[in-house]
Amino acid sequence: MSSRIRVGIYGTGRTAAELLAALPQTPFLLTSAIVHSPGKAGKDIGELVGQAPVGVPATADLEAALASGEFDVLLYAGLTGERHEQTLAACAAAGVDQVHACFVDPRAALAPEVRERVETAARESGSRMVGTGMIPGLWLDVLPALLSSGVPGPVSVRGQRVSNISSWGRDVLAQEFGVGTRTSGLSWRADALLRESARLVADVLGLGDHALVSEGGLAAAETESTIGDIVVHPGEVEGFSQSVVLHDGESERLRLEWSGFGGSAAKPGQASTDVVLTLTGGDGSELVVRVNTPVDPYPGTAARMLQAVRGLRLLPAGLHPPTALPVG
């Protein structure tokens, strides 16, 4: 019997495709594939994501797959929201571990009653779950949290992330970020993700009880453009520029900024580097990190998920943020 960690993949989108492509370079063994649509059941997961067949047919029966004992960890690459919450609950009930990219902080991302129900079931079954986060995950949460230990306290953090959203999936662009629609105001998805990152960093800084304030929002196009395969007309959403800020009294202790536009549509005042982190110590010293990231974020998302598999299995049962994973 193989001692390799057996994994299953849920989903057939870009993240699932990147996971499948990267798995041969890992010590993990793909044994199962799960899809949401019954029409895709029975087809090889490789073919479903546009790659060569791998000999693993997909099933649309999540509960039966979890009860089969054929895999140890589910790599969830489906959509966020209710479907993911159902999958978390199913894994918790079945005692199957899960790595996903839907959020980083279960306290900020899940309603209290949902989180409590999943947490209780997971502890009873021994299931462990961790979210590695999509963009802006890692750069605006795990990395500044880690770097904060290298600056004298009290530490203040400012993180800036600029994303080229041209390579993002159509469903993500339209449904989660409103691209091509006439929505206005707060970018709810960007704000939600930033709040998760901010809450994680705030906990590390000892500011977990302070309120977060949202700034910015969706940006409307002035001229016609194409983002991904979505034609954006004047007045429709072409991107976003969102921030969350935390004050400790009169002092700003945390500011996370995330902007996303297609191609060269970056707006005035944005950082020229993809990621800029500035950590200021209580003595005025500064630690500045600048990172240029790949235009396509999906391979990195898959890499973080796969990197989390081994570390996850060392954690106690329950829901965990990525900062709980061992380094290395």
# chains A, B, ... in the order shown; residues from 1 in each chain; ligands from 1
$ residues_around --residues "Gly81 of chain A" --least-positions-apart "3" --cutoff "10 Å" --atoms "only C-alpha atoms" --output "list in words"
Gly78, His84, Glu85, Gln86, Cys102, Ala109 and Leu110 of chain A
$ write_last_selection --atoms "N, CA and C atoms" --output "PDB file, in the first residue's frame"
ATOM      1  N   GLY A  78     -13.138  24.999  -6.115  1.00  0.00           N
ATOM      2  CA  GLY A  78     -14.431  25.487  -6.583  1.00  0.00           C
ATOM      3  C   GLY A  78     -14.657  26.936  -6.197  1.00  0.00           C
ATOM      4  N   HIS A  84     -18.884  26.290  -1.115  1.00  0.00           N
ATOM      5  CA  HIS A  84     -17.698  25.952  -0.333  1.00  0.00           C
ATOM      6  C   HIS A  84     -18.057  25.640   1.106  1.00  0.00           C
ATOM      7  N   GLU A  85     -18.989  26.372   1.684  1.00  0.00           N
ATOM      8  CA  GLU A  85     -19.407  26.097   3.047  1.00  0.00           C
ATOM      9  C   GLU A  85     -19.980  24.687   3.167  1.00  0.00           C
ATOM     10  N   GLN A  86     -20.735  24.268   2.157  1.00  0.00           N
ATOM     11  CA  GLN A  86     -21.266  22.905   2.155  1.00  0.00           C
ATOM     12  C   GLN A  86     -20.147  21.875   2.095  1.00  0.00           C
ATOM     13  N   CYS A 102     -10.177  29.863  -0.785  1.00  0.00           N
ATOM     14  CA  CYS A 102     -11.321  30.778  -0.712  1.00  0.00           C
ATOM     15  C   CYS A 102     -11.131  31.902   0.306  1.00  0.00           C
ATOM     16  N   ALA A 109     -14.299  35.239   7.426  1.00  0.00           N
ATOM     17  CA  ALA A 109     -14.946  34.792   6.186  1.00  0.00           C
ATOM     18  C   ALA A 109     -16.245  34.028   6.413  1.00  0.00           C
ATOM     19  N   LEU A 110     -16.399  33.403   7.572  1.00  0.00           N
ATOM     20  CA  LEU A 110     -17.564  32.556   7.819  1.00  0.00           C
ATOM     21  C   LEU A 110     -18.456  33.169   8.888  1.00  0.00           C
TER      22      LEU A 110
END
$ residues_around --residues "Leu325 of chain A" --least-positions-apart "3" --cutoff "7 Å" --atoms "only C-alpha atoms" --output "ChimeraX atom specification"
/A:311-312,322
$ write_last_selection --atoms "all heavy atoms" --output "short mmCIF file (atom, residue, chain, number, x, y, z; two decimals), in the first residue's frame"
data_model
loop_
_atom_site.label_atom_id
_atom_site.label_comp_id
_atom_site.auth_asym_id
_atom_site.auth_seq_id
_atom_site.Cartn_x
_atom_site.Cartn_y
_atom_site.Cartn_z
N GLY A 311 2.07 20.41 5.90
CA GLY A 311 1.97 21.15 7.15
C GLY A 311 0.60 21.02 7.79
O GLY A 311 0.49 20.96 9.03
N LEU A 312 -0.44 20.97 6.98
CA LEU A 312 -1.79 20.85 7.50
C LEU A 312 -1.94 19.60 8.35
O LEU A 312 -2.60 19.61 9.41
CB LEU A 312 -2.79 20.82 6.34
CG LEU A 312 -4.25 20.53 6.70
CD1 LEU A 312 -4.82 21.63 7.58
CD2 LEU A 312 -5.08 20.37 5.44
N PRO A 322 -3.49 30.35 7.42
CA PRO A 322 -2.20 29.87 6.93
C PRO A 322 -1.04 30.16 7.88
O PRO A 322 -0.01 29.47 7.80
CB PRO A 322 -2.03 30.60 5.59
CG PRO A 322 -2.92 31.80 5.70
CD PRO A 322 -4.08 31.36 6.53
#
$ select_by_dssp --residues "segment 125-198 of chain A" --states "alpha helix (DSSP H)" --output "PyMOL selection string"
chain A and resi 125+142-147+170-171+177+188-198
$ write_last_selection --atoms "N, CA and C atoms" --output "PDB file, in the first residue's frame"
ATOM      1  N   SER A 125     -14.381  14.701  14.292  1.00  0.00           N
ATOM      2  CA  SER A 125     -13.954  13.722  13.279  1.00  0.00           C
ATOM      3  C   SER A 125     -12.450  13.681  13.065  1.00  0.00           C
ATOM      4  N   VAL A 142       0.287  36.771   5.293  1.00  0.00           N
ATOM      5  CA  VAL A 142       1.314  35.911   5.883  1.00  0.00           C
ATOM      6  C   VAL A 142       2.689  36.582   5.870  1.00  0.00           C
ATOM      7  N   LEU A 143       3.067  37.198   4.749  1.00  0.00           N
ATOM      8  CA  LEU A 143       4.397  37.810   4.656  1.00  0.00           C
ATOM      9  C   LEU A 143       4.576  38.986   5.621  1.00  0.00           C
ATOM     10  N   PRO A 144       3.679  39.990   5.643  1.00  0.00           N
ATOM     11  CA  PRO A 144       3.877  41.063   6.631  1.00  0.00           C
ATOM     12  C   PRO A 144       3.777  40.581   8.071  1.00  0.00           C
ATOM     13  N   ALA A 145       2.934  39.558   8.321  1.00  0.00           N
ATOM     14  CA  ALA A 145       2.856  39.018   9.682  1.00  0.00           C
ATOM     15  C   ALA A 145       4.205  38.437  10.103  1.00  0.00           C
ATOM     16  N   LEU A 146       4.856  37.724   9.190  1.00  0.00           N
ATOM     17  CA  LEU A 146       6.162  37.135   9.478  1.00  0.00           C
ATOM     18  C   LEU A 146       7.230  38.207   9.645  1.00  0.00           C
ATOM     19  N   LEU A 147       7.202  39.217   8.764  1.00  0.00           N
ATOM     20  CA  LEU A 147       8.229  40.257   8.798  1.00  0.00           C
ATOM     21  C   LEU A 147       8.111  41.164  10.023  1.00  0.00           C
ATOM     22  N   ARG A 170     -13.372  34.412 -16.152  1.00  0.00           N
ATOM     23  CA  ARG A 170     -14.537  35.248 -16.438  1.00  0.00           C
ATOM     24  C   ARG A 170     -15.522  35.276 -15.258  1.00  0.00           C
ATOM     25  N   ASP A 171     -15.794  34.119 -14.672  1.00  0.00           N
ATOM     26  CA  ASP A 171     -16.742  34.075 -13.559  1.00  0.00           C
ATOM     27  C   ASP A 171     -16.257  34.910 -12.384  1.00  0.00           C
ATOM     28  N   PHE A 177     -16.174  40.415  -8.876  1.00  0.00           N
ATOM     29  CA  PHE A 177     -15.616  41.762  -8.903  1.00  0.00           C
ATOM     30  C   PHE A 177     -16.402  42.728  -9.784  1.00  0.00           C
ATOM     31  N   TRP A 188     -17.120  44.632  -2.901  1.00  0.00           N
ATOM     32  CA  TRP A 188     -17.382  43.768  -1.744  1.00  0.00           C
ATOM     33  C   TRP A 188     -16.413  42.605  -1.640  1.00  0.00           C
ATOM     34  N   ARG A 189     -16.026  42.032  -2.797  1.00  0.00           N
ATOM     35  CA  ARG A 189     -15.131  40.871  -2.744  1.00  0.00           C
ATOM     36  C   ARG A 189     -13.722  41.299  -2.355  1.00  0.00           C
ATOM     37  N   ALA A 190     -13.233  42.392  -2.956  1.00  0.00           N
ATOM     38  CA  ALA A 190     -11.905  42.879  -2.592  1.00  0.00           C
ATOM     39  C   ALA A 190     -11.870  43.286  -1.125  1.00  0.00           C
ATOM     40  N   ASP A 191     -12.934  43.957  -0.672  1.00  0.00           N
ATOM     41  CA  ASP A 191     -12.992  44.390   0.716  1.00  0.00           C
ATOM     42  C   ASP A 191     -12.999  43.195   1.664  1.00  0.00           C
ATOM     43  N   ALA A 192     -13.771  42.158   1.316  1.00  0.00           N
ATOM     44  CA  ALA A 192     -13.842  40.970   2.167  1.00  0.00           C
ATOM     45  C   ALA A 192     -12.482  40.297   2.286  1.00  0.00           C
ATOM     46  N   LEU A 193     -11.772  40.178   1.151  1.00  0.00           N
ATOM     47  CA  LEU A 193     -10.457  39.535   1.181  1.00  0.00           C
ATOM     48  C   LEU A 193      -9.443  40.379   1.947  1.00  0.00           C
ATOM     49  N   LEU A 194      -9.491  41.692   1.763  1.00  0.00           N
ATOM     50  CA  LEU A 194      -8.580  42.566   2.494  1.00  0.00           C
ATOM     51  C   LEU A 194      -8.844  42.504   3.997  1.00  0.00           C
ATOM     52  N   ARG A 195     -10.104  42.424   4.379  1.00  0.00           N
ATOM     53  CA  ARG A 195     -10.439  42.358   5.795  1.00  0.00           C
ATOM     54  C   ARG A 195      -9.917  41.068   6.439  1.00  0.00           C
ATOM     55  N   GLU A 196      -9.963  39.982   5.681  1.00  0.00           N
ATOM     56  CA  GLU A 196      -9.393  38.740   6.200  1.00  0.00           C
ATOM     57  C   GLU A 196      -7.896  38.906   6.440  1.00  0.00           C
ATOM     58  N   SER A 197      -7.211  39.469   5.430  1.00  0.00           N
ATOM     59  CA  SER A 197      -5.769  39.682   5.558  1.00  0.00           C
ATOM     60  C   SER A 197      -5.462  40.635   6.705  1.00  0.00           C
ATOM     61  N   ALA A 198      -6.240  41.717   6.796  1.00  0.00           N
ATOM     62  CA  ALA A 198      -5.998  42.725   7.831  1.00  0.00           C
ATOM     63  C   ALA A 198      -6.226  42.151   9.223  1.00  0.00           C
TER      64      ALA A 198
END
$ atom_distance --atom1 "atom CA of Gln25 of chain A" --atom2 "atom CA of Ala303 of chain A"
10.6 Å
$ select_by_dssp --residues "segment 62-245 of chain A" --states "strand (DSSP E or B)" --output "VMD selection string"
chain A and resid 73 to 76 97 to 100 128 to 131 156 to 164 212 to 220 225 to 227 230 to 232 237 to 245
$ residues_around --residues "segment 276-293 of chain A" --least-positions-apart "6" --cutoff "8 Å" --atoms "only C-alpha atoms" --output "PyMOL selection string"
chain A and resi 140+144+147-148+151-161
$ atom_distance --atom1 "atom CA of Gly262 of chain A" --atom2 "atom CA of Tyr76 of chain A"
26.8 Å
$ residues_around --residues "Glu222 of chain A" --least-positions-apart "6" --cutoff "10 Å" --atoms "only C-alpha atoms" --output "VMD selection string"
chain A and resid 232 to 238
$ closest_residue --among "A:Ala89, A:Ala58, A:Ala65, A:Met129" --to "Val104 of chain A" --atoms "only C-alpha atoms"
A:Met129
$ closest_residue --among "A:Thr183, A:Thr59, A:Thr120, A:Thr80" --to "Gly318 of chain A" --atoms "only C-alpha atoms"
A:Thr120
$ residues_around --residues "segment 37-44 of chain A" --least-positions-apart "6" --cutoff "7 Å" --atoms "only C-alpha atoms" --output "PDB file with N, CA and C atoms, in the first residue's frame"
ATOM      1  N   PRO A  53      -5.626  13.046 -20.453  1.00  0.00           N
ATOM      2  CA  PRO A  53      -6.267  12.187 -19.450  1.00  0.00           C
ATOM      3  C   PRO A  53      -5.241  11.675 -18.440  1.00  0.00           C
ATOM      4  N   VAL A  54      -5.683  11.564 -17.170  1.00  0.00           N
ATOM      5  CA  VAL A  54      -4.790  11.074 -16.117  1.00  0.00           C
ATOM      6  C   VAL A  54      -5.311   9.793 -15.482  1.00  0.00           C
ATOM      7  N   GLY A  55      -6.414   9.292 -16.008  1.00  0.00           N
ATOM      8  CA  GLY A  55      -6.946   8.038 -15.492  1.00  0.00           C
ATOM      9  C   GLY A  55      -7.763   8.164 -14.230  1.00  0.00           C
ATOM     10  N   VAL A  56      -8.239   9.385 -13.932  1.00  0.00           N
ATOM     11  CA  VAL A  56      -9.067   9.603 -12.736  1.00  0.00           C
ATOM     12  C   VAL A  56     -10.406  10.189 -13.182  1.00  0.00           C
ATOM     13  N   PRO A  57     -11.467   9.378 -13.220  1.00  0.00           N
ATOM     14  CA  PRO A  57     -12.784   9.891 -13.611  1.00  0.00           C
ATOM     15  C   PRO A  57     -13.392  10.732 -12.497  1.00  0.00           C
ATOM     16  N   ALA A  58     -14.159  11.735 -12.874  1.00  0.00           N
ATOM     17  CA  ALA A  58     -14.780  12.630 -11.899  1.00  0.00           C
ATOM     18  C   ALA A  58     -16.133  12.086 -11.446  1.00  0.00           C
ATOM     19  N   THR A  59     -16.500  12.436 -10.230  1.00  0.00           N
ATOM     20  CA  THR A  59     -17.813  12.103  -9.697  1.00  0.00           C
ATOM     21  C   THR A  59     -18.493  13.376  -9.221  1.00  0.00           C
ATOM     22  N   ALA A  60     -19.804  13.417  -9.304  1.00  0.00           N
ATOM     23  CA  ALA A  60     -20.574  14.557  -8.796  1.00  0.00           C
ATOM     24  C   ALA A  60     -21.167  14.263  -7.426  1.00  0.00           C
TER      25      ALA A  60
END
$ residues_around --residues "Ala17 of chain A" --least-positions-apart "3" --cutoff "6 Å" --atoms "only C-alpha atoms" --output "list in words"
Arg14, Leu20 and Val49 of chain A
$ decode --residues "segment 147-300 of chain A" --atoms "C-alpha atoms" --output "PDB file, in the first residue's frame"
ATOM      1  CA  LEU A 147       8.229  40.257   8.798  1.00  0.00           C
ATOM      2  CA  SER A 148       6.720  42.150  11.738  1.00  0.00           C
ATOM      3  CA  SER A 149       8.944  40.143  14.103  1.00  0.00           C
ATOM      4  CA  GLY A 150      12.001  41.811  12.562  1.00  0.00           C
ATOM      5  CA  VAL A 151      11.099  45.392  13.571  1.00  0.00           C
ATOM      6  CA  PRO A 152      10.997  46.908  17.100  1.00  0.00           C
ATOM      7  CA  GLY A 153       7.471  47.397  18.411  1.00  0.00           C
ATOM      8  CA  PRO A 154       4.978  48.865  18.276  1.00  0.00           C
ATOM      9  CA  VAL A 155       4.996  48.006  14.563  1.00  0.00           C
ATOM     10  CA  SER A 156       2.898  49.742  11.902  1.00  0.00           C
ATOM     11  CA  VAL A 157       2.247  48.012   8.585  1.00  0.00           C
ATOM     12  CA  ARG A 158       1.333  49.357   5.153  1.00  0.00           C
ATOM     13  CA  GLY A 159       0.843  46.887   2.319  1.00  0.00           C
ATOM     14  CA  GLN A 160       0.133  47.814  -1.303  1.00  0.00           C
ATOM     15  CA  ARG A 161      -0.841  45.277  -3.960  1.00  0.00           C
ATOM     16  CA  VAL A 162      -1.408  46.043  -7.652  1.00  0.00           C
ATOM     17  CA  SER A 163      -2.908  43.245  -9.770  1.00  0.00           C
ATOM     18  CA  ASN A 164      -3.259  42.869 -13.502  1.00  0.00           C
ATOM     19  CA  ILE A 165      -6.673  41.193 -13.668  1.00  0.00           C
ATOM     20  CA  SER A 166      -6.517  40.383 -17.400  1.00  0.00           C
ATOM     21  CA  SER A 167      -5.766  36.693 -16.788  1.00  0.00           C
ATOM     22  CA  TRP A 168      -8.483  36.139 -14.193  1.00  0.00           C
ATOM     23  CA  GLY A 169     -11.355  33.776 -14.962  1.00  0.00           C
ATOM     24  CA  ARG A 170     -14.537  35.248 -16.438  1.00  0.00           C
ATOM     25  CA  ASP A 171     -16.742  34.075 -13.559  1.00  0.00           C
ATOM     26  CA  VAL A 172     -14.412  35.616 -10.982  1.00  0.00           C
ATOM     27  CA  LEU A 173     -14.191  38.914 -12.882  1.00  0.00           C
ATOM     28  CA  ALA A 174     -17.921  39.269 -13.505  1.00  0.00           C
ATOM     29  CA  GLN A 175     -19.528  37.584 -10.510  1.00  0.00           C
ATOM     30  CA  GLU A 176     -17.077  38.432  -7.730  1.00  0.00           C
ATOM     31  CA  PHE A 177     -15.616  41.762  -8.903  1.00  0.00           C
ATOM     32  CA  GLY A 178     -18.396  43.172 -11.095  1.00  0.00           C
ATOM     33  CA  VAL A 179     -16.262  43.725 -14.195  1.00  0.00           C
ATOM     34  CA  GLY A 180     -18.481  44.691 -17.133  1.00  0.00           C
ATOM     35  CA  THR A 181     -21.456  45.554 -14.914  1.00  0.00           C
ATOM     36  CA  ARG A 182     -22.781  48.941 -13.798  1.00  0.00           C
ATOM     37  CA  THR A 183     -22.304  48.206 -10.106  1.00  0.00           C
ATOM     38  CA  SER A 184     -20.878  51.056  -8.050  1.00  0.00           C
ATOM     39  CA  GLY A 185     -19.494  51.673  -4.577  1.00  0.00           C
ATOM     40  CA  LEU A 186     -17.567  49.226  -2.419  1.00  0.00           C
ATOM     41  CA  SER A 187     -15.823  46.302  -4.114  1.00  0.00           C
ATOM     42  CA  TRP A 188     -17.382  43.768  -1.744  1.00  0.00           C
ATOM     43  CA  ARG A 189     -15.131  40.871  -2.744  1.00  0.00           C
ATOM     44  CA  ALA A 190     -11.905  42.879  -2.592  1.00  0.00           C
ATOM     45  CA  ASP A 191     -12.992  44.390   0.716  1.00  0.00           C
ATOM     46  CA  ALA A 192     -13.842  40.970   2.167  1.00  0.00           C
ATOM     47  CA  LEU A 193     -10.457  39.535   1.181  1.00  0.00           C
ATOM     48  CA  LEU A 194      -8.580  42.566   2.494  1.00  0.00           C
ATOM     49  CA  ARG A 195     -10.439  42.358   5.795  1.00  0.00           C
ATOM     50  CA  GLU A 196      -9.393  38.740   6.200  1.00  0.00           C
ATOM     51  CA  SER A 197      -5.769  39.682   5.558  1.00  0.00           C
ATOM     52  CA  ALA A 198      -5.998  42.725   7.831  1.00  0.00           C
ATOM     53  CA  ARG A 199      -7.531  40.763  10.685  1.00  0.00           C
ATOM     54  CA  LEU A 200      -4.764  38.177  10.481  1.00  0.00           C
ATOM     55  CA  VAL A 201      -2.022  40.869  10.563  1.00  0.00           C
ATOM     56  CA  ALA A 202      -3.845  42.798  13.301  1.00  0.00           C
ATOM     57  CA  ASP A 203      -3.828  39.701  15.509  1.00  0.00           C
ATOM     58  CA  VAL A 204      -0.071  39.346  15.088  1.00  0.00           C
ATOM     59  CA  LEU A 205       0.369  43.049  15.968  1.00  0.00           C
ATOM     60  CA  GLY A 206      -1.819  42.651  19.050  1.00  0.00           C
ATOM     61  CA  LEU A 207      -4.595  44.806  17.561  1.00  0.00           C
ATOM     62  CA  GLY A 208      -7.224  42.149  17.021  1.00  0.00           C
ATOM     63  CA  ASP A 209     -10.016  44.033  18.843  1.00  0.00           C
ATOM     64  CA  HIS A 210      -9.725  47.254  16.831  1.00  0.00           C
ATOM     65  CA  ALA A 211     -12.242  48.128  14.098  1.00  0.00           C
ATOM     66  CA  LEU A 212     -11.331  48.123  10.415  1.00  0.00           C
ATOM     67  CA  VAL A 213     -12.448  50.972   8.153  1.00  0.00           C
ATOM     68  CA  SER A 214     -13.014  50.483   4.402  1.00  0.00           C
ATOM     69  CA  GLU A 215     -11.998  53.055   1.787  1.00  0.00           C
ATOM     70  CA  GLY A 216     -12.204  53.191  -2.020  1.00  0.00           C
ATOM     71  CA  GLY A 217     -14.257  50.931  -4.245  1.00  0.00           C
ATOM     72  CA  LEU A 218     -15.070  49.971  -7.816  1.00  0.00           C
ATOM     73  CA  ALA A 219     -13.763  51.999 -10.763  1.00  0.00           C
ATOM     74  CA  ALA A 220     -15.827  52.838 -13.838  1.00  0.00           C
ATOM     75  CA  ALA A 221     -14.289  52.852 -17.313  1.00  0.00           C
ATOM     76  CA  GLU A 222     -14.044  56.104 -19.262  1.00  0.00           C
ATOM     77  CA  THR A 223     -13.346  54.387 -22.588  1.00  0.00           C
ATOM     78  CA  GLU A 224     -14.183  50.973 -24.037  1.00  0.00           C
ATOM     79  CA  SER A 225     -11.707  48.187 -23.254  1.00  0.00           C
ATOM     80  CA  THR A 226     -11.480  44.414 -23.043  1.00  0.00           C
ATOM     81  CA  ILE A 227     -10.507  42.713 -19.787  1.00  0.00           C
ATOM     82  CA  GLY A 228     -10.022  38.987 -20.170  1.00  0.00           C
ATOM     83  CA  ASP A 229     -12.791  38.178 -22.608  1.00  0.00           C
ATOM     84  CA  ILE A 230     -15.208  40.778 -21.189  1.00  0.00           C
ATOM     85  CA  VAL A 231     -15.878  43.897 -23.254  1.00  0.00           C
ATOM     86  CA  VAL A 232     -16.172  46.833 -20.861  1.00  0.00           C
ATOM     87  CA  HIS A 233     -18.118  49.887 -22.033  1.00  0.00           C
ATOM     88  CA  PRO A 234     -17.828  53.424 -20.607  1.00  0.00           C
ATOM     89  CA  GLY A 235     -19.545  53.613 -17.241  1.00  0.00           C
ATOM     90  CA  GLU A 236     -19.104  49.908 -16.527  1.00  0.00           C
ATOM     91  CA  VAL A 237     -16.742  48.470 -13.930  1.00  0.00           C
ATOM     92  CA  GLU A 238     -13.171  48.060 -15.202  1.00  0.00           C
ATOM     93  CA  GLY A 239     -11.469  47.343 -11.898  1.00  0.00           C
ATOM     94  CA  PHE A 240     -11.193  48.379  -8.271  1.00  0.00           C
ATOM     95  CA  SER A 241      -9.053  50.256  -5.782  1.00  0.00           C
ATOM     96  CA  GLN A 242      -9.896  49.153  -2.249  1.00  0.00           C
ATOM     97  CA  SER A 243      -8.310  49.733   1.154  1.00  0.00           C
ATOM     98  CA  VAL A 244      -8.848  48.768   4.772  1.00  0.00           C
ATOM     99  CA  VAL A 245      -7.368  50.835   7.602  1.00  0.00           C
ATOM    100  CA  LEU A 246      -6.930  50.279  11.326  1.00  0.00           C
ATOM    101  CA  HIS A 247      -6.204  53.036  13.846  1.00  0.00           C
ATOM    102  CA  ASP A 248      -4.926  52.606  17.398  1.00  0.00           C
ATOM    103  CA  GLY A 249      -6.085  55.874  18.945  1.00  0.00           C
ATOM    104  CA  GLU A 250      -4.811  58.621  16.657  1.00  0.00           C
ATOM    105  CA  SER A 251      -2.110  56.449  15.091  1.00  0.00           C
ATOM    106  CA  GLU A 252      -2.612  54.503  11.863  1.00  0.00           C
ATOM    107  CA  ARG A 253      -1.181  51.075  12.609  1.00  0.00           C
ATOM    108  CA  LEU A 254      -2.330  49.097   9.582  1.00  0.00           C
ATOM    109  CA  ARG A 255      -3.272  49.990   6.013  1.00  0.00           C
ATOM    110  CA  LEU A 256      -3.752  47.420   3.249  1.00  0.00           C
ATOM    111  CA  GLU A 257      -4.401  48.648  -0.287  1.00  0.00           C
ATOM    112  CA  TRP A 258      -5.337  46.494  -3.266  1.00  0.00           C
ATOM    113  CA  SER A 259      -5.937  47.699  -6.816  1.00  0.00           C
ATOM    114  CA  GLY A 260      -6.863  45.585  -9.820  1.00  0.00           C
ATOM    115  CA  PHE A 261      -7.103  46.694 -13.442  1.00  0.00           C
ATOM    116  CA  GLY A 262      -6.573  45.125 -16.837  1.00  0.00           C
ATOM    117  CA  GLY A 263      -3.272  45.445 -18.676  1.00  0.00           C
ATOM    118  CA  SER A 264      -1.822  48.936 -18.514  1.00  0.00           C
ATOM    119  CA  ALA A 265      -4.964  50.476 -17.005  1.00  0.00           C
ATOM    120  CA  ALA A 266      -3.258  51.215 -13.693  1.00  0.00           C
ATOM    121  CA  LYS A 267      -4.460  54.434 -12.132  1.00  0.00           C
ATOM    122  CA  PRO A 268      -2.434  57.508 -11.056  1.00  0.00           C
ATOM    123  CA  GLY A 269      -0.907  57.148  -7.626  1.00  0.00           C
ATOM    124  CA  GLN A 270      -0.613  53.373  -7.708  1.00  0.00           C
ATOM    125  CA  ALA A 271       2.683  51.747  -6.804  1.00  0.00           C
ATOM    126  CA  SER A 272       4.806  50.791  -9.818  1.00  0.00           C
ATOM    127  CA  THR A 273       5.884  47.579  -8.101  1.00  0.00           C
ATOM    128  CA  ASP A 274       3.307  44.791  -7.765  1.00  0.00           C
ATOM    129  CA  VAL A 275       3.727  44.515  -3.984  1.00  0.00           C
ATOM    130  CA  VAL A 276       5.211  47.066  -1.582  1.00  0.00           C
ATOM    131  CA  LEU A 277       5.341  46.329   2.149  1.00  0.00           C
ATOM    132  CA  THR A 278       6.479  49.010   4.584  1.00  0.00           C
ATOM    133  CA  LEU A 279       6.866  48.066   8.233  1.00  0.00           C
ATOM    134  CA  THR A 280       7.728  50.910  10.612  1.00  0.00           C
ATOM    135  CA  GLY A 281       9.091  50.200  14.071  1.00  0.00           C
ATOM    136  CA  GLY A 282       8.368  52.106  17.245  1.00  0.00           C
ATOM    137  CA  ASP A 283      11.845  53.636  16.999  1.00  0.00           C
ATOM    138  CA  GLY A 284      11.162  54.978  13.481  1.00  0.00           C
ATOM    139  CA  SER A 285      13.160  52.285  11.683  1.00  0.00           C
ATOM    140  CA  GLU A 286      11.701  50.936   8.433  1.00  0.00           C
ATOM    141  CA  LEU A 287      11.701  47.589   6.695  1.00  0.00           C
ATOM    142  CA  VAL A 288      10.635  47.878   3.044  1.00  0.00           C
ATOM    143  CA  VAL A 289      10.010  44.918   0.742  1.00  0.00           C
ATOM    144  CA  ARG A 290       9.238  45.263  -2.977  1.00  0.00           C
ATOM    145  CA  VAL A 291       8.097  42.272  -5.005  1.00  0.00           C
ATOM    146  CA  ASN A 292       7.327  41.848  -8.695  1.00  0.00           C
ATOM    147  CA  THR A 293       4.876  38.980  -9.057  1.00  0.00           C
ATOM    148  CA  PRO A 294       3.833  36.916 -12.107  1.00  0.00           C
ATOM    149  CA  VAL A 295       0.995  38.375 -14.170  1.00  0.00           C
ATOM    150  CA  ASP A 296      -0.909  35.082 -13.965  1.00  0.00           C
ATOM    151  CA  PRO A 297      -1.748  34.378 -10.283  1.00  0.00           C
ATOM    152  CA  TYR A 298      -3.212  30.894 -10.733  1.00  0.00           C
ATOM    153  CA  PRO A 299       0.049  28.875 -10.681  1.00  0.00           C
ATOM    154  CA  GLY A 300       1.005  30.630  -7.442  1.00  0.00           C
TER     155      GLY A 300
END
